[in-house]
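Asks: Next up is a structure, given as structure tokens.
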Amino acid sequence: MENGGNMNQHLSFSGNVPIELDGLGVRPEAVTFDMEEISARLSDISRPVWVAGGPERVGVAFAEKGSLVSGGSGLTLLASAPALMPESLGEPSFAAHHGVRYPLYGGAMANGIASERMVAALGRAGFLGSFGAAGLSPARVREAIGEIRHELPNGPFAMNLIHSPLDPALEDAIVRLYLETGVNCVETAAYMDLTPHIVRFRASGLRKDGHGRISCENRVIAKVSRRETAAHFLKPAPDRILEKLAAEGLISRDQSEMARKVPMADDITVEADSGGHTDNRPLVGILPSIMALRDEICARYGYERPVRVGAAGGMATPAAVLAAFSMGAAYVVTGSVNQSCIEAGTSLHVKKLLSEADVADVAMTPAADMFEMGGKVQVLRRGSLFAQRAAKLYELYNRLEGIDAIDPAERKKLETQVFQKPLEEVWSETRRFFMERDPAALERAGNNGKLIMALIFKWYLGQASRWAAAGVKGREMDYQIWCGPAMGAFNAWAAGTCLADFNNRRVADVAMNLLCGAAYLMRLRILSASRVSLPPALFRWVPRQSNLP
């Protein structure tokens with residue numbers, strides 16, 4: 001039995017007008033009334049089905065020409081559902097544009113959690129994967145590009161490009177690396193406004209084809225959660241940035257002119273309540289709003305190809321994926337659920353904790369990269385004290401002017417339980433780090449006690465995510481594990497199936513089951529709309545192992 005549950009129920013039909021096929025009916029021997037067999041036939045989404053029967057009972061047949069007979073000797077054809085494969089969902093141009101088969105991609109997770117291995121596994125299976133370059137050095141990102149290219153010489157893959165407001169030199173270095181190595185697809189994150197770096201990447205790939213049309217060879221997928229941010233990527237690049245880039249010789253004058261006629265992004269990923277940086281927006285509110293904004297801006301500028309809008313945040317069950325497609329999403333993006341897969345670049349301890357999480361086992365806590373601004377990230381609360389400890393550090397930062405103002409008893413507690421070393425030693429390590437990475441940050445801090453305190457506290461926040469990824473022993477209660485409530489929803493759906501054990505979770509299997517499950521549920525909804533009443537137990541796609549590479 002494919003879809004579990006109690007099958008001791010029956011199909012029924014409450015419509016008034018059955019399908020007319022010139023007096024034809026369905027051969028009785030082609031129709032099954034057995035609920036397990038009905039479940040199996042509905043689950044075979046590669047074959048269309050008919051619902052046929054009469055007042056007493058209703059069954060299901062595969063929609064095949066040989067199953068039809070003259071109406072007098074057959075069962076009445078009541079409803080039908082087409083074959084519906086996962087690649088049929090969403091907007092076909094997404095797959096064509098990115099050279100993939102399916103309308104789903106694996107989103108970037110910082111510090112290489114969305115690893116080279118994960119990107120390669122998704123690419124081999126026909127999905128796009130985005131490498132988690134945020135938080136990594138240019139040298140480490142260069143290594144990742146080489147490894148991914150070795151596994152996927154012809155793609156597809158994307159690289160994350162995160163806005164770095166406190167370290168613009170790093171953002172510039174990553175863009176230069178992408179241009180140098182020929183990376184032609186980036187997934188942006190954390191942008192509040194456009195920077196010269198992302199504009200340079202986009203404009204550097206503009207060419208005119210043999211028919212004089214503008215070709216955008218450098219593709220941009222912009223992850224956003226606000227209308228004002230979406231607007232920046234839906235519009236052409238600002239004149240002031242283009243003029244400056246052209247004057248500095250970083251783009252040509254022709255590219256500057258072409259950039260005024262195309263949007264900054266090919267795709268806008270609307271990120272709802274997710275792990276990591278999030279505004280906790282509900283998808284049902286933010287997705288239609290940004291789609292309407294897309295329509296307005298695209299009409300204003302008269303683009304030849306409209307910008308696609310996809311959905312991220314909460315994409316953890318077939319029902320959620322179907323809901324996103326039903327609202328008009330061109331594609332969907334997975335994140336938190338991929339982190340518990342075998343290809344994720346994080347520790348086994350983290351994967352186990354994630355596989356045990358429930359929907360409510362998450363919390364918002366201060367973010368390392370936006371600590372002073374009050375930025376927050378969503379993390380796993382279960383099995384870690386990081387959320388509480390980080391919140392305490394931010395409370396002290398807000399209230400005090402420096403570490404010398406911390407109450408001696410409170411300071412001792414911090415040094416023994418949180419930092420596990422004297423704060424002066426942490427400051428020494430922090431100074432050495434910034435002397436190599438960003439000396440300007442030390443210059444800004446100077447002798448300002450509050451800024452020094454911020455850098456010391458950010459040492460803990462930054463290390464906590466690395467401890468988690470590396471599985472550092474003795475630091476388990478300090479692990480910072482980015483996670484949204486989708487993880488709990490996924491675990492509930494996967495319970496009792498082949499995906500329950502995190503050791504069995506292959507990222508491509510997860511992606512394929514989400515899409516196949518969404519296609520399956522859509523077929524059931526088509527039948528329901530035709531007045532076929534289906535037992536509730538049928539409305540569950542049970543995950544199964546795939547034959548993907």
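For the structure tokens, the naming scheme is as follows: chains receive sequential letters (A, B, ...) according to their order of presentation, residues are indexed from 1 within each chain, and ligands are indexed from 1 in presentation order.
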Which polymer residues have any atom within 10 Å of an atom of A:Phe502, counting only C-alpha atoms, with same-chain residues fewer than 6 positions away left out, as a list in words?
Replies: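 In the requested format, the answer is Gln339, Ser340, Cys341, Ile342, Leu348, Lys351, Lys352, Leu353, Leu354, Ser355, Glu356 and Asn491 of chain A.
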Asks: Name all residues at most 9 Å from stretch 427-442 of chain A (count only C-alpha atoms; drop same-chain ones fewer than 6 positions away) and give them as a PDB file with N, CA and C atoms, in the first residue's frame.
Replies:
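Listed below is the output, result11.pdb:
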ATOM      1  N   LEU A 166      29.421  45.373   6.452  1.00  0.00           N
ATOM      2  CA  LEU A 166      30.542  45.726   7.314  1.00  0.00           C
ATOM      3  C   LEU A 166      31.882  45.282   6.733  1.00  0.00           C
ATOM      4  N   ASP A 167      31.845  44.624   5.578  1.00  0.00           N
ATOM      5  CA  ASP A 167      33.085  44.168   4.936  1.00  0.00           C
ATOM      6  C   ASP A 167      32.912  44.202   3.421  1.00  0.00           C
ATOM      7  N   ALA A 169      34.904  44.973   1.166  1.00  0.00           N
ATOM      8  CA  ALA A 169      36.062  44.443   0.436  1.00  0.00           C
ATOM      9  C   ALA A 169      35.906  42.948   0.175  1.00  0.00           C
ATOM     10  N   ILE A 452      34.438  47.528  21.170  1.00  0.00           N
ATOM     11  CA  ILE A 452      35.290  46.384  21.523  1.00  0.00           C
ATOM     12  C   ILE A 452      34.443  45.260  22.104  1.00  0.00           C
ATOM     13  N   MET A 453      33.483  45.615  22.959  1.00  0.00           N
ATOM     14  CA  MET A 453      32.593  44.610  23.525  1.00  0.00           C
ATOM     15  C   MET A 453      31.819  43.893  22.418  1.00  0.00           C
ATOM     16  N   LEU A 455      32.762  43.362  19.313  1.00  0.00           N
ATOM     17  CA  LEU A 455      33.650  42.438  18.609  1.00  0.00           C
ATOM     18  C   LEU A 455      33.915  41.180  19.443  1.00  0.00           C
ATOM     19  N   ILE A 456      34.041  41.343  20.764  1.00  0.00           N
ATOM     20  CA  ILE A 456      34.265  40.187  21.640  1.00  0.00           C
ATOM     21  C   ILE A 456      33.044  39.268  21.634  1.00  0.00           C
ATOM     22  N   TRP A 459      32.699  37.299  18.526  1.00  0.00           N
ATOM     23  CA  TRP A 459      33.592  36.134  18.475  1.00  0.00           C
ATOM     24  C   TRP A 459      32.813  34.883  18.829  1.00  0.00           C
TER      25      TRP A 459
END
Asks: Excluding stretch 22-38 of chain A and any residue of its chain fewer than 6 positions from it, enumerate the residues within 7 Å of it, using only C-alpha atoms, and give them as number ranges by chain.
Replies: A: 1, 7, 52, 58-61, 67-71, 74-77
Asks: Could those residues be written to a file, using N, CA and C atoms, as an mmCIF file, in the first residue's frame?
Replies:
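Once everything was written out, this is result_31.cif:
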data_model
loop_
_atom_site.group_PDB
_atom_site.id
_atom_site.type_symbol
_atom_site.label_atom_id
_atom_site.label_comp_id
_atom_site.auth_asym_id
_atom_site.auth_seq_id
_atom_site.Cartn_x
_atom_site.Cartn_y
_atom_site.Cartn_z
ATOM 1 N N MET A 1 0.849 -1.197 0.000
ATOM 2 C CA MET A 1 0.000 0.000 0.000
ATOM 3 C C MET A 1 0.882 1.245 0.000
ATOM 4 N N MET A 7 -7.350 2.357 4.923
ATOM 5 C CA MET A 7 -7.949 2.364 3.592
ATOM 6 C C MET A 7 -9.340 1.736 3.586
ATOM 7 N N ALA A 52 -14.514 5.801 -12.420
ATOM 8 C CA ALA A 52 -15.705 5.270 -13.076
ATOM 9 C C ALA A 52 -16.529 4.474 -12.074
ATOM 10 N N VAL A 58 -17.624 3.274 -6.654
ATOM 11 C CA VAL A 58 -16.796 4.071 -7.550
ATOM 12 C C VAL A 58 -15.371 3.541 -7.471
ATOM 13 N N GLY A 59 -14.733 3.381 -8.638
ATOM 14 C CA GLY A 59 -13.369 2.866 -8.671
ATOM 15 C C GLY A 59 -12.477 3.663 -9.603
ATOM 16 N N VAL A 60 -11.265 3.144 -9.821
ATOM 17 C CA VAL A 60 -10.256 3.856 -10.600
ATOM 18 C C VAL A 60 -9.673 2.923 -11.648
ATOM 19 N N ALA A 61 -9.477 3.457 -12.856
ATOM 20 C CA ALA A 61 -8.823 2.723 -13.947
ATOM 21 C C ALA A 61 -7.749 3.602 -14.550
ATOM 22 N N SER A 67 -9.404 0.463 -22.619
ATOM 23 C CA SER A 67 -10.317 0.321 -21.480
ATOM 24 C C SER A 67 -11.709 0.839 -21.784
ATOM 25 N N LEU A 68 -11.900 1.442 -22.966
ATOM 26 C CA LEU A 68 -13.205 2.013 -23.312
ATOM 27 C C LEU A 68 -14.037 1.011 -24.109
ATOM 28 N N VAL A 69 -15.319 0.983 -23.801
ATOM 29 C CA VAL A 69 -16.297 0.168 -24.539
ATOM 30 C C VAL A 69 -17.556 1.009 -24.711
ATOM 31 N N SER A 70 -18.497 0.473 -25.454
ATOM 32 C CA SER A 70 -19.761 1.189 -25.606
ATOM 33 C C SER A 70 -20.439 1.327 -24.244
ATOM 34 N N GLY A 71 -21.071 2.453 -24.033
ATOM 35 C CA GLY A 71 -21.606 2.792 -22.721
ATOM 36 C C GLY A 71 -22.494 1.748 -22.100
ATOM 37 N N GLY A 74 -20.336 -0.827 -20.216
ATOM 38 C CA GLY A 74 -19.239 -0.337 -19.387
ATOM 39 C C GLY A 74 -19.746 0.474 -18.209
ATOM 40 N N LEU A 75 -18.824 0.830 -17.337
ATOM 41 C CA LEU A 75 -19.140 1.684 -16.191
ATOM 42 C C LEU A 75 -19.072 3.148 -16.608
ATOM 43 N N THR A 76 -19.903 3.946 -15.993
ATOM 44 C CA THR A 76 -19.960 5.370 -16.338
ATOM 45 C C THR A 76 -18.653 6.069 -15.962
ATOM 46 N N LEU A 77 -18.119 6.831 -16.895
ATOM 47 C CA LEU A 77 -16.915 7.614 -16.648
ATOM 48 C C LEU A 77 -17.320 8.898 -15.919
#
Asks: Hey, which of A:Arg382, A:Arg531, A:His349, A:Arg308 ends up closest to A:His97? Count only C-alpha atoms.
Replies: A:Arg308
Asks: Please identify all polymer residues within 7 Å of A:Leu380, counting only C-alpha atoms, omitting same-chain residues fewer than 3 positions from it, and present them as a VMD selection string.
Replies: chain A and resid 361 to 363 481 to 483
Asks: Just the residues within 6 Å of A:Gly132, please, counting only C-alpha atoms, with nothing from its chain fewer than 5 positions along; format it as JSON, numbers by chain.
Replies: {"A": [108, 109, 110, 111, 112, 114, 160]}
Asks: Find the spatial neighbours of stretch 241-251 of chain A, counting only C-alpha atoms, within a cut-off of 6 Å - ignore same-chain residues fewer than 5 positions away - and output them as number ranges by chain.
Replies: A: 196, 204, 256
Asks: I'd like to know which residues of stretch 189-359 of chain A are strand (DSSP E) (by DSSP, run on the backbone); could you write them as a ChimeraX atom specification?
Replies: /A:189,206-208,214-216,219-224,267-271,276-277,308-312,332-334
Asks: Find the residues around stretch 82-85 of chain A up to 10 Å (only C-alpha atoms counted), leave out those fewer than 6 positions away in its own chain, and share them as a list in words.
Replies: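 Returned residues: Leu42, Asp44, Ile45, Ser46, Arg47, Pro48, Val49, Trp50, Phe62, Ala63, Tyr102, Leu515, Cys516, Gly517, Ala518, Ala519, Tyr520, Met522, Arg523, Ile526 and Leu527 of chain A.
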